[in-house]
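Each remark here refers to the structure printed beneath this line.
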Amino acid sequence: MKIKKDKNLSIYLFFSAILFTYIGSTLQTGIFNNFAVEKLNILPSQLGIYESIRESPGIIAVFFVSLLMIWQEQYIAAISTLIMAIGYFFYGFVNKWNQLLLIGFFASLGLHIHLPLSNAIALYLAKVNHEGKMLGLVQRFSFVGQFFAMGFIILFGKYLPYSYIFIASSIALLIASIFYLSLPKTVGIKEKPKIVLKKRYWIYYLLTFLEGCRKQIFITFAIFVLVKAYHISVRLTAILLLINAFAVIIVGPTIGKMIDRYSEKKVLFISYFLSFFVFIGYAFIHNLILLIVCYTLDNIFYLGSISLTSYINKIAPKNELRPTLSIGVTMNHIAAVIMPFLGGVLWVKMGYEVVFIIGAVVVLISLFFMKYLKDLRTRGESNTQPSDPQSDALST
């Protein structure tokens, strides 16, 4: 009974940490495009450079996570949200291009250390055969955080300087860090520092890389198109993100349950198939309302990507889960470093439409390689197997 009570408390504290993490991060991202255009007057090519530098910590985060494996996940998560808090605080003082690059890199380091840890904690707390549901709930609480953040911007964004909103972002992340530190010591595991890279996980690495290409195109350019080409205001940007957050809050757990019921492969296939038409829509439709619909649909279809986390959880032993998720973050962000720079250059030379055509091609490539993904629901595989010491893992 006490164990169940402790686990329930851990879940409440964890979701509170997720909630405040995404309140903080969304307050920053919710105003960034308007801040960049109105205060810094940056060009699409400059945005691409900024995003490439901002995403570069995703490549090296695996080394930080590996070195910190002697600590349990919640302590590293607390450190990562603290780094984010400091970085977002200093966004409010940026007035030069080189300052933006430096602060963006620092804050992003905390963000990318946090990414694999939140999923690792969620999977640790999940009931057996309910991992997809737990990951779906993580998505729900992250978007509840986004919902609150966008509500704040809608209500107060017109009256507050950008610097005040960046400070509010920092405070929310400090609260998240406290919640992570409050998790019981029984949560998570300690390991010797190591990097795990195995041949048997190759399809996870590849699809995660391609997912990074797809995701980064939309994260970097979808809202920027609406601000730059259609001149939507910061308030309308916030309303759009609020609507998207509400949609994901409703749909997120359902996607997770579908993964548990039908398998990661089926859900991921549907997600990729529908995403293709979203990218085509963004490339060839020049109507603001329809582009907003495409943006909303992409956020919903992107939920299918939690299938990759659920998949690796089923084929990797527990002691390899955190470092393997970290490698996934690295693969994802190799793409995330390349695509913003490439997309910014192509936008300037050929128009933003070609950027989204490339996104559609990436989705088609992902669909092709999905044939190598195992249907684990059918095969009944799990991660209960021990780690093979003779495998092709790399350890440091």
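Starting from 1 in every chain, residues are counted up; chains themselves are A, B, ... following the order of the structure tokens, and ligands are numbered from 1 as listed.
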
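Residues surrounding His333 (chain A) within 10 Å are A:Ser52, A:Arg54, A:Glu55, A:Ser56, A:Pro57, A:Gly58, A:Ile59, A:Ile60, A:Ala61, A:His112, A:Thr208, A:Phe209, A:Leu210, A:Glu211, A:Gly212, A:Cys213, A:Gln216, A:Ile327, A:Gly328, A:Val329, A:Val337, A:Ile338, A:Met339 [only C-alpha atoms; sequence separation below 4 positions excluded].
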
Any chance you can output those residues with C-alpha atoms as a short mmCIF file (atom, residue, chain, number, x, y, z; two decimals), in the first residue's frame?
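Just written: out_20.cif:
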data_model
loop_
_atom_site.label_atom_id
_atom_site.label_comp_id
_atom_site.auth_asym_id
_atom_site.auth_seq_id
_atom_site.Cartn_x
_atom_site.Cartn_y
_atom_site.Cartn_z
CA SER A 52 21.12 25.56 -36.01
CA ARG A 54 20.29 26.58 -30.69
CA GLU A 55 19.79 22.95 -31.67
CA SER A 56 23.49 22.01 -31.62
CA PRO A 57 23.46 21.16 -27.86
CA GLY A 58 21.18 18.26 -28.80
CA ILE A 59 24.23 16.62 -30.39
CA ILE A 60 26.49 16.93 -27.34
CA ALA A 61 23.76 16.39 -24.72
CA HIS A 112 18.28 19.09 -24.59
CA THR A 208 14.57 9.50 -35.03
CA PHE A 209 16.98 11.31 -37.36
CA LEU A 210 14.28 11.66 -40.01
CA GLU A 211 11.80 12.75 -37.35
CA GLY A 212 14.26 15.50 -36.41
CA CYS A 213 14.30 16.71 -40.03
CA GLN A 216 12.59 21.03 -37.22
CA ILE A 327 21.50 8.84 -28.50
CA GLY A 328 18.04 9.32 -29.99
CA VAL A 329 18.15 12.99 -28.97
CA VAL A 337 21.22 21.52 -36.78
CA ILE A 338 21.25 20.91 -40.54
CA MET A 339 17.64 21.66 -41.49
#

Run DSSP on the backbone and give me the residues of region 38-284 of chain A it puts in helix (DSSP H, G or I), as a count of residues only.
202

With a distance cut-off of 10 Å and only C-alpha atoms, select the neighbouring residues of Ile285 (chain A), excluding the residue or stretch itself and same-chain residues fewer than 6 positions from it, and output the selection as a ChimeraX atom specification.
/A:279,291,294,353

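Relative to CA of Tyr302 (chain A), CA of Phe179 (chain A) is found at 27.3 Å.
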
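For the choices A:Leu342, A:Ile232, A:Ile239, A:Met370, the atom-to-atom distance to Ser45 (chain A) is smallest for A:Leu342 when using only C-alpha atoms.
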
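If only C-alpha atoms are the atoms counted, then among A:Ile223, A:Ile365, A:Ile250, A:Leu43 the closest residue to Val345 (chain A) is A:Leu43.
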
If we count only C-alpha atoms and set the cut-off at 10 Å, which residues sit around Ala107 (chain A), ignoring sequence neighbours fewer than 2 positions away in its own chain? Please answer as a ChimeraX atom specification.
/A:25,54,57,80-91,102-105,109-112

How would the residues just picked look written out with N, CA and C atoms as a tab-separated table (two decimals), in the first residue's frame?
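Produced file again-v4.tsv, reproduced below:
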chain	number	residue	atom	x	y	z
A	25	SER	N	9.03	27.02	-20.88
A	25	SER	CA	9.59	26.97	-22.23
A	25	SER	C	8.65	27.59	-23.26
A	54	ARG	N	21.14	26.90	-31.84
A	54	ARG	CA	20.29	26.58	-30.69
A	54	ARG	C	20.07	25.08	-30.57
A	57	PRO	N	23.27	21.90	-29.11
A	57	PRO	CA	23.46	21.16	-27.86
A	57	PRO	C	22.80	19.78	-27.85
A	80	SER	N	18.94	20.51	-15.38
A	80	SER	CA	18.65	20.96	-16.75
A	80	SER	C	17.62	22.08	-16.77
A	81	THR	N	16.57	21.97	-15.94
A	81	THR	CA	15.56	23.04	-15.91
A	81	THR	C	16.12	24.31	-15.27
A	82	LEU	N	17.09	24.17	-14.36
A	82	LEU	CA	17.75	25.34	-13.78
A	82	LEU	C	18.57	26.07	-14.84
A	83	ILE	N	19.28	25.32	-15.68
A	83	ILE	CA	20.04	25.92	-16.78
A	83	ILE	C	19.10	26.67	-17.72
A	84	MET	N	17.96	26.05	-18.04
A	84	MET	CA	16.97	26.71	-18.89
A	84	MET	C	16.48	28.02	-18.25
A	85	ALA	N	16.22	27.97	-16.94
A	85	ALA	CA	15.73	29.16	-16.24
A	85	ALA	C	16.71	30.32	-16.35
A	86	ILE	N	17.99	30.03	-16.16
A	86	ILE	CA	19.02	31.08	-16.26
A	86	ILE	C	19.08	31.62	-17.69
A	87	GLY	N	19.08	30.72	-18.67
A	87	GLY	CA	19.16	31.15	-20.06
A	87	GLY	C	17.98	32.00	-20.49
A	88	TYR	N	16.76	31.57	-20.16
A	88	TYR	CA	15.58	32.32	-20.57
A	88	TYR	C	15.49	33.67	-19.87
A	89	PHE	N	16.01	33.76	-18.65
A	89	PHE	CA	16.05	35.04	-17.94
A	89	PHE	C	16.85	36.06	-18.74
A	90	PHE	N	17.99	35.64	-19.30
A	90	PHE	CA	18.87	36.58	-20.00
A	90	PHE	C	18.40	36.90	-21.42
A	91	TYR	N	17.41	36.15	-21.96
A	91	TYR	CA	16.82	36.54	-23.25
A	91	TYR	C	16.27	37.96	-23.17
A	102	LEU	N	24.61	33.34	-28.30
A	102	LEU	CA	25.23	32.84	-27.07
A	102	LEU	C	24.17	32.38	-26.06
A	103	ILE	N	23.18	33.21	-25.79
A	103	ILE	CA	22.14	32.87	-24.83
A	103	ILE	C	21.29	31.70	-25.33
A	104	GLY	N	21.02	31.69	-26.65
A	104	GLY	CA	20.24	30.59	-27.23
A	104	GLY	C	20.93	29.25	-27.03
A	105	PHE	N	22.25	29.23	-27.22
A	105	PHE	CA	23.01	27.98	-27.04
A	105	PHE	C	22.96	27.52	-25.58
A	109	LEU	N	21.08	24.09	-24.09
A	109	LEU	CA	21.80	22.97	-23.48
A	109	LEU	C	20.95	22.34	-22.38
A	110	GLY	N	20.34	23.17	-21.53
A	110	GLY	CA	19.46	22.65	-20.49
A	110	GLY	C	18.26	21.93	-21.07
A	111	LEU	N	17.67	22.50	-22.12
A	111	LEU	CA	16.50	21.89	-22.76
A	111	LEU	C	16.82	20.51	-23.29
A	112	HIS	N	17.97	20.36	-23.93
A	112	HIS	CA	18.28	19.09	-24.59
A	112	HIS	C	18.80	18.03	-23.62

For the interface of region 257-333 of chain A with region 124-132 of chain A (cut-off 6 Å, counting only C-alpha atoms), please tabulate each contacting residue of region 257-333 of chain A alongside its nearest pair of atoms and their separation in Å to one decimal, rows sorted by chain and increasing number, as CSV.
residue,atom,partner,partner_atom,distance
A:Lys257,CA,A:Gly132,CA,5.9
A:Ile259,CA,A:Gly132,CA,5.6
A:Asp260,CA,A:Gly132,CA,5.4

Atom pair CA of Thr26 (chain A) + CA of Gly151 (chain A), distance 10.7 Å

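Of the residues under consideration (A:Tyr75, A:Tyr352, A:Tyr180, A:Phe32), A:Tyr352 shows the shortest atom-to-atom contact distance to Ala229 (chain A) when counting only C-alpha atoms.
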
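Atom pair CA of Phe93 (chain A) / CA of Ile23 (chain A) has a distance of 20.3 Å (rounded to one decimal).
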
Contacts of Ala360 (chain A) at 9 Å or less, counting only C-alpha atoms, minus same-chain residues fewer than 5 places along, as a ChimeraX atom specification?
/A:214,275-280,365

Find the spatial neighbours of region 281-283 of chain A, counting only C-alpha atoms, within a cut-off of 12 Å - ignore same-chain residues fewer than 2 positions away - and output them as an MDAnalysis selection string.
chainID A and resid 217:218 221:223 225:226 274:279 285:298 347 350:361

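Every protein or nucleic acid residue with an atom no more than 8 Å from Ile49 (chain A), counting only C-alpha atoms and leaving out same-chain residues fewer than 2 positions away, appears here: Ser45, Gln46, Leu47, Glu51, Ser52, Ile53, Pro340, Phe341 and Gly344 of chain A.
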
Mind dumping the selected residues with C-alpha atoms as a PDB file, in the first residue's frame?
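Produced file part.pdb, reproduced below:
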ATOM      1  CA  SER A  45      18.736  33.217 -43.101  1.00  0.00           C
ATOM      2  CA  GLN A  46      19.702  34.567 -39.660  1.00  0.00           C
ATOM      3  CA  LEU A  47      16.844  32.622 -38.093  1.00  0.00           C
ATOM      4  CA  GLU A  51      18.126  27.636 -34.893  1.00  0.00           C
ATOM      5  CA  SER A  52      21.117  25.562 -36.012  1.00  0.00           C
ATOM      6  CA  ILE A  53      23.212  26.890 -33.121  1.00  0.00           C
ATOM      7  CA  PRO A 340      17.195  25.230 -40.143  1.00  0.00           C
ATOM      8  CA  PHE A 341      20.354  26.450 -41.892  1.00  0.00           C
ATOM      9  CA  GLY A 344      16.843  29.434 -44.301  1.00  0.00           C
TER      10      GLY A 344
END
